[in-house]
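Trainee: mmCIF, C-alpha atoms, saved as protein.cif, coming up:
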data_structure
loop_
_atom_site.label_atom_id
_atom_site.label_comp_id
_atom_site.auth_asym_id
_atom_site.auth_seq_id
_atom_site.Cartn_x
_atom_site.Cartn_y
_atom_site.Cartn_z
CA MET F 1 9.37 4.24 -47.41
CA SER F 2 9.35 2.86 -50.91
CA SER F 3 7.00 3.98 -53.68
CA PRO F 4 3.25 3.29 -53.22
CA SER F 5 3.05 0.79 -56.04
CA SER F 6 5.78 -1.45 -54.67
CA LEU F 7 4.26 -1.12 -51.21
CA VAL F 8 0.91 -2.38 -52.47
CA GLY F 9 2.68 -5.20 -54.25
CA SER F 10 4.33 -6.31 -51.01
CA LEU F 11 1.01 -6.55 -49.16
CA PRO F 12 -0.71 -9.89 -48.72
CA ILE F 13 -3.51 -10.63 -51.13
CA ARG F 14 -6.15 -10.32 -48.46
CA LEU F 15 -5.17 -6.75 -47.65
CA ARG F 16 -4.76 -5.88 -51.32
CA ASN F 17 -8.26 -7.13 -52.09
CA PHE F 18 -9.68 -5.21 -49.18
CA LEU F 19 -7.95 -1.98 -50.18
CA ALA F 20 -9.06 -2.43 -53.79
CA ARG F 21 -12.64 -2.81 -52.72
CA TYR F 22 -12.53 -0.05 -50.09
CA PRO F 23 -10.06 2.51 -51.45
CA PRO F 24 -8.25 4.36 -48.66
CA GLN F 25 -8.94 7.72 -50.35
CA ILE F 26 -12.61 7.28 -49.49
CA TYR F 27 -12.82 4.88 -46.59
CA SER F 28 -9.64 5.02 -44.54
CA ALA F 29 -9.35 6.35 -41.04
CA ALA F 30 -6.78 8.85 -42.31
CA VAL F 31 -9.39 10.70 -44.42
CA ALA F 32 -12.22 10.41 -41.91
CA PRO F 33 -12.96 13.76 -40.24
CA ARG F 34 -11.26 14.10 -36.88
CA PRO F 35 -13.73 14.15 -34.02
CA THR F 36 -14.13 17.43 -32.21
CA PRO F 37 -15.26 17.37 -28.61
CA PRO F 38 -18.43 19.36 -28.00
CA GLU F 39 -18.32 22.71 -26.26
CA THR F 40 -19.53 22.27 -22.72
CA ASP F 41 -20.10 24.89 -20.05
CA ALA F 42 -19.62 22.56 -17.12
CA PRO F 43 -16.10 21.22 -16.77
CA ALA F 44 -15.80 17.46 -16.93
CA GLU F 45 -15.95 15.70 -13.62
CA THR F 46 -12.38 15.08 -12.58
CA THR F 47 -12.89 12.81 -9.59
CA LEU F 48 -14.99 9.75 -10.05
CA PRO F 49 -17.23 8.74 -7.17
CA SER F 50 -15.64 6.02 -5.12
CA PRO F 51 -17.01 2.58 -5.94
CA TYR F 52 -16.81 1.71 -2.25
CA THR F 53 -19.44 4.12 -1.07
CA PRO F 54 -22.47 2.63 -2.75
CA ASN F 55 -25.24 4.98 -3.59
CA ARG F 56 -28.43 3.02 -3.15
CA ASP F 57 -30.45 5.40 -5.28
CA ALA F 58 -28.06 4.85 -8.16
CA LYS F 59 -28.53 1.11 -8.08
CA GLY F 60 -28.98 -0.32 -11.52
CA THR F 61 -27.90 2.85 -13.28
CA HIS F 62 -24.41 1.70 -14.13
CA LYS F 63 -25.05 1.71 -17.84
CA PRO F 64 -23.16 4.54 -19.51
CA ASP F 65 -25.28 7.13 -21.21
CA PRO F 66 -24.94 6.54 -24.98
CA THR F 67 -25.70 10.17 -25.77
CA VAL F 68 -22.70 11.47 -23.84
CA TYR F 69 -19.71 12.43 -25.98
CA SER F 70 -16.97 9.84 -25.90
CA PRO F 71 -13.63 10.35 -27.69
CA SER F 72 -13.34 6.71 -28.64
CA MET F 73 -16.86 6.37 -30.00
CA ALA F 74 -16.38 9.61 -31.98
CA LEU F 75 -13.57 7.91 -33.87
CA LEU F 76 -16.01 5.47 -35.43
CA TYR F 77 -16.90 7.56 -38.42
CA ASN F 78 -19.57 6.37 -40.77
CA SER F 79 -20.95 8.26 -43.74
CA LYS F 80 -24.04 7.64 -45.76
CA GLU F 81 -22.29 7.92 -49.11
CA ALA F 82 -19.53 5.47 -48.28
CA PRO F 83 -20.79 3.18 -45.50
CA ASN F 84 -17.95 2.05 -43.29
CA PRO F 85 -17.61 -1.72 -43.80
CA PHE F 86 -16.50 -2.09 -40.18
CA LEU F 87 -19.56 -0.46 -38.63
CA PRO F 88 -23.24 -1.31 -38.53
CA ARG F 89 -25.62 1.28 -39.86
CA LYS F 90 -29.28 1.95 -39.58
CA ASP F 91 -31.53 1.73 -42.59
CA ASN F 92 -33.66 4.83 -42.29
CA ARG F 93 -36.33 3.36 -44.55
CA THR F 94 -36.97 0.16 -42.64
CA GLY F 95 -35.57 1.26 -39.30
CA LYS F 96 -33.49 -1.89 -39.12
CA TRP F 97 -29.82 -2.19 -38.41
CA ILE F 98 -27.60 -3.47 -41.17
CA PRO F 99 -24.66 -5.40 -39.78
CA PRO F 100 -21.12 -4.43 -40.72
CA ARG F 101 -19.78 -5.94 -43.91
CA PHE F 102 -16.91 -7.42 -41.90
CA GLY F 103 -17.54 -9.03 -38.56
CA LEU F 104 -15.39 -8.27 -35.55
CA ARG F 105 -13.29 -11.38 -36.02
CA GLN F 106 -12.53 -10.49 -39.63
CA GLN F 107 -11.89 -6.90 -38.64
CA ALA F 108 -9.43 -7.99 -36.00
CA ASP F 109 -7.64 -10.19 -38.51
CA LEU F 110 -7.42 -7.37 -41.04
CA VAL F 111 -6.21 -4.85 -38.46
CA LYS F 112 -3.55 -7.23 -37.20
CA LEU F 113 -2.44 -7.96 -40.73
CA ALA F 114 -2.36 -4.25 -41.64
CA ALA F 115 -0.48 -3.40 -38.47
CA LYS F 116 2.09 -6.02 -39.36
CA TYR F 117 2.69 -4.27 -42.71
CA LYS F 118 2.42 -0.81 -41.08
CA VAL F 119 -0.56 0.27 -43.19
CA GLU F 120 -3.17 0.34 -40.45
CA GLU F 121 -4.24 3.92 -41.23
CA LEU F 122 -5.40 2.77 -44.65
CA LEU F 123 -8.19 0.73 -43.08
CA PRO F 124 -11.53 2.30 -42.18
CA PRO F 125 -11.99 3.29 -38.54
CA GLY F 126 -13.31 0.42 -36.46
CA ARG F 127 -13.56 -1.03 -33.02
CA LYS F 128 -10.53 -3.20 -33.55
CA SER F 129 -8.13 -0.45 -34.56
CA ASN F 130 -5.28 0.25 -32.20
CA GLU F 131 -6.21 3.92 -32.15
CA PHE F 132 -9.72 3.15 -30.96
CA LYS F 133 -8.44 0.79 -28.29
CA ALA F 134 -5.86 3.27 -27.04
CA THR F 135 -8.42 6.07 -26.90
CA ARG F 136 -10.90 3.89 -25.10
CA LEU F 137 -8.28 2.81 -22.57
CA ALA F 138 -7.33 6.43 -21.92
CA GLU F 139 -10.99 7.29 -21.55
CA ARG F 140 -11.85 4.51 -19.15
CA GLY F 141 -8.60 4.25 -17.29
CA LEU F 142 -7.36 1.15 -15.63
CA ARG F 143 -10.54 -0.52 -14.45
CA ILE F 144 -9.09 -2.54 -11.64
CA LYS F 145 -10.52 -1.95 -8.21
CA GLY F 146 -8.16 -0.68 -5.58
CA THR F 147 -5.50 0.59 -7.99
CA GLY F 148 -6.66 4.20 -7.83
CA ILE F 149 -5.32 6.71 -5.33
CA GLY F 150 -7.00 6.40 -1.96
CA GLN F 151 -8.83 3.26 -2.99
CA LYS F 152 -8.66 -0.04 -1.26
CA VAL F 153 -10.53 -3.27 -1.63
CA LYS F 154 -12.19 -5.16 1.15
CA GLY F 155 -10.52 -8.46 0.28
CA HIS F 156 -11.25 -11.87 1.69
CA LYS F 157 -11.39 -12.44 5.39
CA TRP F 158 -8.27 -14.57 5.34
CA GLU F 159 -6.45 -11.68 3.67
CA ARG F 160 -7.68 -9.13 6.17
CA THR F 161 -6.81 -11.24 9.18
CA MET F 162 -3.60 -12.77 7.88
CA GLU F 163 -1.26 -10.31 9.58
CA SER F 164 -2.69 -10.77 13.04
CA ARG F 165 -2.83 -14.53 12.63
CA LEU F 166 0.78 -14.75 11.56
CA GLU F 167 1.78 -12.54 14.47
CA GLU F 168 -0.07 -14.81 16.89
CA ARG F 169 1.60 -17.86 15.37
CA ARG F 170 5.02 -16.25 15.56
CA LYS F 171 4.48 -15.37 19.21
CA ALA F 172 3.32 -18.88 19.98
CA MET F 173 6.40 -20.36 18.33
CA THR F 174 8.79 -18.16 20.33
CA GLU F 175 7.12 -19.33 23.53
CA MET F 176 7.04 -22.95 22.42
CA PRO F 177 10.38 -24.19 23.96
CA GLU F 178 9.44 -22.73 27.33
CA MET F 179 5.99 -24.27 27.08
CA ILE F 180 7.44 -27.69 26.25
CA ARG F 181 9.89 -27.40 29.14
CA LEU F 182 7.05 -26.59 31.51
CA TRP F 183 4.98 -29.44 30.10
CA ARG F 184 7.81 -31.91 30.67
CA GLN F 185 8.35 -30.55 34.15
CA ARG F 186 4.68 -31.06 35.02
CA GLY F 187 4.75 -34.76 34.25
CA HIS F 188 3.91 -34.59 30.57
CA GLY F 189 0.55 -33.03 31.14
CA ARG F 190 -0.34 -34.53 34.51
CA GLY F 191 -0.21 -31.24 36.32
CA TRP F 192 -1.29 -29.15 33.40
CA LYS F 193 -3.91 -26.54 34.14
CA GLN F 194 -4.44 -24.38 31.03
CA TRP F 195 -6.12 -26.67 28.55
CA PRO F 196 -7.25 -25.00 25.36
CA LYS F 197 -10.92 -24.37 24.90
CA ARG F 198 -12.71 -26.17 22.19
CA MET W 1 -36.46 -48.43 29.41
CA ALA W 2 -32.88 -48.71 30.34
CA LYS W 3 -30.78 -45.57 30.00
CA LYS W 4 -28.57 -45.60 26.96
CA SER W 5 -25.06 -46.40 28.14
CA LYS W 6 -22.18 -44.09 27.27
CA SER W 7 -19.36 -45.51 25.24
CA ARG W 8 -16.16 -46.44 27.05
CA THR W 9 -13.98 -44.32 24.79
CA ILE W 10 -14.35 -40.84 23.38
CA ALA W 11 -12.85 -39.05 20.39
CA VAL W 12 -10.90 -35.97 21.43
CA ARG W 13 -9.29 -33.17 19.51
CA LEU W 14 -5.65 -32.31 20.14
CA ILE W 15 -4.95 -28.73 19.14
CA SER W 16 -1.54 -27.51 18.03
CA MET W 17 -0.20 -24.95 20.48
CA ALA W 18 1.52 -23.17 17.57
CA MET W 19 -1.87 -21.51 16.96
CA THR W 20 -1.98 -22.69 13.38
CA GLY W 21 -5.43 -24.20 13.62
CA TYR W 22 -3.99 -27.63 12.95
CA TYR W 23 -5.35 -30.48 15.09
CA ARG W 24 -5.36 -34.23 15.41
CA THR W 25 -8.24 -36.37 16.50
CA MET W 26 -7.56 -39.24 18.85
CA ILE W 27 -9.51 -41.76 20.84
CA ARG W 28 -8.95 -42.19 24.54
CA PRO W 29 -10.80 -43.93 27.38
CA ARG W 30 -13.45 -41.70 28.87
CA VAL W 31 -11.96 -41.92 32.35
CA HIS W 32 -8.40 -41.19 31.20
CA ARG W 33 -6.75 -37.84 31.93
CA PRO W 34 -6.63 -35.38 29.01
CA LEU W 35 -4.14 -36.18 26.29
CA SER W 36 -1.12 -34.03 25.52
CA MET W 37 1.84 -34.88 23.34
CA LEU W 38 4.56 -33.55 21.09
CA LYS W 39 3.62 -33.96 17.47
CA TYR W 40 4.59 -32.59 14.13
CA ASP W 41 2.71 -29.54 12.90
CA PRO W 42 2.99 -29.32 9.09
CA VAL W 43 2.11 -25.63 9.05
CA VAL W 44 5.14 -24.51 11.06
CA LYS W 45 7.05 -27.68 10.04
CA LYS W 46 8.14 -28.41 13.58
CA LYS W 47 7.35 -30.68 16.46
CA VAL W 48 5.11 -28.72 18.77
CA LEU W 49 2.97 -29.38 21.80
CA PHE W 50 -0.53 -30.62 21.16
CA LEU W 51 -3.06 -30.32 23.97
CA GLU W 52 -6.49 -31.78 24.21
CA ALA W 53 -9.28 -29.28 23.75
CA THR W 54 -11.74 -29.61 26.56
CA LYS W 55 -15.14 -28.13 27.09
CA GLY W 56 -14.68 -24.83 28.89
CA GLY W 57 -10.90 -25.28 28.90
CA LYS W 58 -10.82 -27.29 32.15
CA ALA W 59 -9.18 -30.59 32.88
CA LYS W 60 -11.03 -33.39 34.53
#
If you convert what's in this file into structure tokens, what do you get?
Mentor:
Amino acid sequence: MSSPSSLVGSLPIRLRNFLARYPPQIYSAAVAPRPTPPETDAPAETTLPSPYTPNRDAKGTHKPDPTVYSPSMALLYNSKEAPNPFLPRKDNRTGKWIPPRFGLRQQADLVKLAAKYKVEELLPPGRKSNEFKATRLAERGLRIKGTGIGQKVKGHKWERTMESRLEERRKAMTEMPEMIRLWRQRGHGRGWKQWPKR
Amino acid sequence: MAKKSKSRTIAVRLISMAMTGYYRTMIRPRVHRPLSMLKYDPVVKKKVLFLEATKGGKAK
């Protein structure tokens, strides 16, 4: 890597302005304290309950508990002295939430720009950072039904019955020449007995 | 009042014997014997036997 000054000079003006206003020494994700998972007595639940055995009592309780420790949310560090421009914060005096200085769209633009110049760790931690997204993905896993071990999805009826229908069709087609021969023999339907039911 | 007369012809459904669920609707005289013919079934892409579907699966 080249010297810091030339690196800064090579950055686009938008990133340079951002870094000048929010110096990485104070704000960046690199200097933010690393999150430490809390000490828990009970080991974390390893097997998730199957989504295909609905628990009626648990209906409507799908919202995750915000108080539970989450590795991805712990990354979003905000301090009172140097408010993270990518995160909202609560004004303790008025009790109101102050929106982030940069909206999610602007954050995403900045992160993409910084990632392009390989200086993403100089930005403050935020929801759009690749680290946050990777941590969140690892935390949540692949959220597609039926991809887990031992899981299967019900599917549409045409999907469930397709195999048997195709088998029936295949069988009918193998018997078709014989059926046509018989039909011709019996006077093109004059002596036919097995008419299909409506 | 006079009884309502039945129409001379009826619309019948000819079902593909390839068990594809494909059918054709035709009109035949009421007193005619059930229809049956070889026709093209686009599902199996072949000419197959089509038989008239009757109530209860019995011919007249």
Trainee: Could the residues of chain F within 6 Å of chain W, counting only C-alpha atoms, be given as an MDAnalysis selection string, please?
Mentor: chainID F and resid 169 172:173 189 195:198
Trainee: As an exercise, work out the distance from CA of Pro125 (chain F) to CA of Leu76 (chain F) in Å and give it to one decimal place.
Mentor: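 Separation of CA of Pro125 (chain F) and CA of Leu76 (chain F): 5.5 Å.
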Trainee: So, counting all atoms listed in the file, which residue among F:Pro24, F:Tyr77, F:Gln194, F:Leu7 is closest to Leu182 (chain F)?
Mentor: F:Gln194
Trainee: In Å, how far is it from CA of Arg101 (chain F) to CA of Thr67 (chain F)?
Mentor: 25.0 Å
Trainee: Please list as a list in words every residue within 9 Å of Ala108 (chain F), counting all atoms listed in the file and excluding residues in the same chain fewer than 3 positions away.
Mentor: Gly103, Leu104, Arg105, Val111, Lys112, Leu113, Arg127, Lys128 and Ser129 of chain F
Trainee: Could you tell me how far CA of Leu142 (chain F) sits from CA of Glu163 (chain F), in Å to one decimal place?
Mentor: 28.4 Å
Trainee: My list of candidates is W:Lys39, W:Arg8, W:Lys3, W:His32. Which is closest to Ile180 (chain F) when distances are computed with all atoms listed in the file?
Mentor: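 Residue with the minimum atom-to-atom distance to Ile180 (chain F): W:Lys39.
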Trainee: Mind checking which residues fall within 9 Å of Arg30 (chain W), counting all atoms listed in the file, ignoring those fewer than 4 positions away in the same chain, and posting them as a list in words?
Mentor: Ser7, Arg8, Thr9, Ile10 and Ala11 of chain W
Trainee: Restricting the calculation to all atoms listed in the file: of F:Pro23, F:Leu11, F:Leu75, F:Leu166, which residue gets closest to Asn130 (chain F)?
Mentor: F:Leu75
Trainee: Take the point (-17.9, 7.0, -23.1) in the file's coordinates, draw a sphere of radius 12 Å around it, and report as a PyMOL selection string every protein, DNA or RNA residue with an atom inside or on it, counting only C-alpha atoms.
Mentor: chain F and resi 63-75+132+135-141
Trainee: Report the residues retrieved by the PyMOL selection byres ((chain F and resi 26) around 12) from the displayed file, expressed as a PyMOL selection string.
Mentor: chain F and resi 19-25+27-33+77-79+81-85+122-125
Trainee: So that I can check the surroundings of Ile98 (chain F), please list as a PyMOL selection string every protein, DNA and RNA residue that reaches within 12 Å of it, counting only C-alpha atoms and ignoring chain neighbours fewer than 6 positions away.
Mentor: chain F and resi 83-92
